[in-house]
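> Got a structure for you, questions after.
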Amino acid sequence: MAMKYKGILPIALKLSTILPKRHPVRRGSSDFLERPFFVVSSGRTGTTLLASILDRHPEVLVPPEQFVMANAIIKYRLLNYLEWLDLVSIIVGEFARSKGTMNWELKVNELIQDLANLPVEERSLGKIFDALFRSYGTQKGYSFRIWGDKSPLSTDYMELIAPVFPEAKYLGLVRDGRDVIASIYKKNPDADVPYATKKWNHAIAMQRKLQKKLGPDQFKQVRYEDLVREPEKIMREICDFLEVEYTPAILETQDDYLEKLGAVGDTEAFRNVAKPINPDSIGKWRKNLSPQQLKDLMPLIEENLKALNYPLD
């Protein structure tokens, strides 16, 4: 899906600039009850581990992945000439369709009605997104103050998503690209070198852009290796960044987040999340990547490995 819209995206965005505009994409910080946050990273980098830790915090909600935020932004811009109720129904419908999210199972009739009844001066795409994430939390019965998104697909389209959330906070999660690619190969044996390396390199490039544009109060880079070696230290830093009080309970071993993922949470790719946090996965590329695989991928990731101070041997 990430590659499906890459070719038509520039055309769609250009077309949206000449079509009639009735409803703003955002109105400012008033769109959100609290500043949300995004984990910016490729898949297989530890995003689910970080999400499971943060989701245990009583003030934080991190839903399972969603796959439609970029689609929703494009449709909102292209169909902006519609009546507000019709536009709301389309955007909310993106998140409610069976393959739109991972096990969200949203009930949307009341949500659509509440959004349809918003005063004109409060209507925006940002308001719809805030309501969608908050509805997931309230429908599941969770207590929280702020919500975050950990979907790797959001990183693929962060250049499209970030302008809708200029006041948000961004956590750039990095991991040795060789371990990331080895994990991708293990999960998907049919993945090829260009696909695997492109996803990792793109995530690093997007983090650099955000870091350059935003100050330290909005962007923080976190190394997976540091997280699993010194979880308390790193989570204290992350909690400070998100402006929530650190609580030791978030590091307790639980499998409740895997239950939220539904059937996917019971697959081998996610089971390690339920284990005590440990550094055992660091450097597994040494035994899981063949010499030929390393020879093929190193020219494509070596520059970023050096820039991130990962040893090359």
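Identifiers for the structure tokens are assigned positionally: chains receive A, B, ... in sequence, residues are indexed from 1 per chain, and ligands are indexed from 1 in the order shown.
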If you run DSSP over the backbone, which residues in stretch 22-78 of chain A end up strand (DSSP E or B)? Put them as number ranges by chain.

A: 37-40, 60-61, 66

> Restricted to N, CA and C atoms, what would the selected residues look like written as a PDB file, in the first residue's frame?


```pdb
ATOM      1  N   PHE A  37       1.333  12.684  19.355  1.00  0.00           N
ATOM      2  CA  PHE A  37       2.716  12.409  18.954  1.00  0.00           C
ATOM      3  C   PHE A  37       2.741  11.285  17.937  1.00  0.00           C
ATOM      4  N   PHE A  38       3.821  11.250  17.149  1.00  0.00           N
ATOM      5  CA  PHE A  38       4.017  10.225  16.134  1.00  0.00           C
ATOM      6  C   PHE A  38       5.373   9.571  16.337  1.00  0.00           C
ATOM      7  N   VAL A  39       5.410   8.242  16.227  1.00  0.00           N
ATOM      8  CA  VAL A  39       6.670   7.513  16.190  1.00  0.00           C
ATOM      9  C   VAL A  39       7.074   7.421  14.724  1.00  0.00           C
ATOM     10  N   VAL A  40       8.205   8.025  14.389  1.00  0.00           N
ATOM     11  CA  VAL A  40       8.670   8.075  13.008  1.00  0.00           C
ATOM     12  C   VAL A  40       9.753   7.020  12.837  1.00  0.00           C
ATOM     13  N   VAL A  60      -1.452   7.939  28.435  1.00  0.00           N
ATOM     14  CA  VAL A  60      -1.072   7.810  27.026  1.00  0.00           C
ATOM     15  C   VAL A  60      -1.864   6.692  26.358  1.00  0.00           C
ATOM     16  N   LEU A  61      -2.298   6.943  25.132  1.00  0.00           N
ATOM     17  CA  LEU A  61      -2.976   5.952  24.307  1.00  0.00           C
ATOM     18  C   LEU A  61      -2.222   5.798  22.997  1.00  0.00           C
ATOM     19  N   GLN A  66      -2.773   1.990  12.057  1.00  0.00           N
ATOM     20  CA  GLN A  66      -3.795   2.324  11.071  1.00  0.00           C
ATOM     21  C   GLN A  66      -3.074   2.498   9.726  1.00  0.00           C
TER      22      GLN A  66
END
```

> With a cut-off of 12 Å, could you pull out the residues of stretch 285-310 of chain A touching stretch 217-230 of chain A and give me the nearest pair of atoms for each, distance in Å to one decimal, using only C-alpha atoms, ordered by chain and ascending number, as a tab-separated table?


```
residue	atom	partner	partner_atom	distance
A:Leu308	CA	A:Arg223	CA	9.4
A:Asn309	CA	A:Arg223	CA	10.9
A:Tyr310	CA	A:Glu225	CA	10.5
```

> May I ask for the distance between atom CA of A:Glu302 and atom CA of A:Pro152, given in Å to one decimal place?

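Spanning atom CA of A:Glu302 to atom CA of A:Pro152 is a straight-line distance of 21.9 Å.
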
> Using the chain letters and numbers from this document, which residues of stretch 206-312 of chain A does DSSP assign to alpha helix (DSSP H), as number ranges by chain?

A: 206-213, 224-229, 231-242, 256-260, 268-271, 285-288, 291-307

> Find the spatial neighbours of A:Gln113, counting only C-alpha atoms, within a cut-off of 12 Å - ignore same-chain residues fewer than 4 positions away - and output them as a list in words.

Trp84, Leu85, Asp86, Val88, Ser89, Val92, Lys107, Val108, Asn109, Asn117, Leu118, Ile128 and Ala131 of chain A
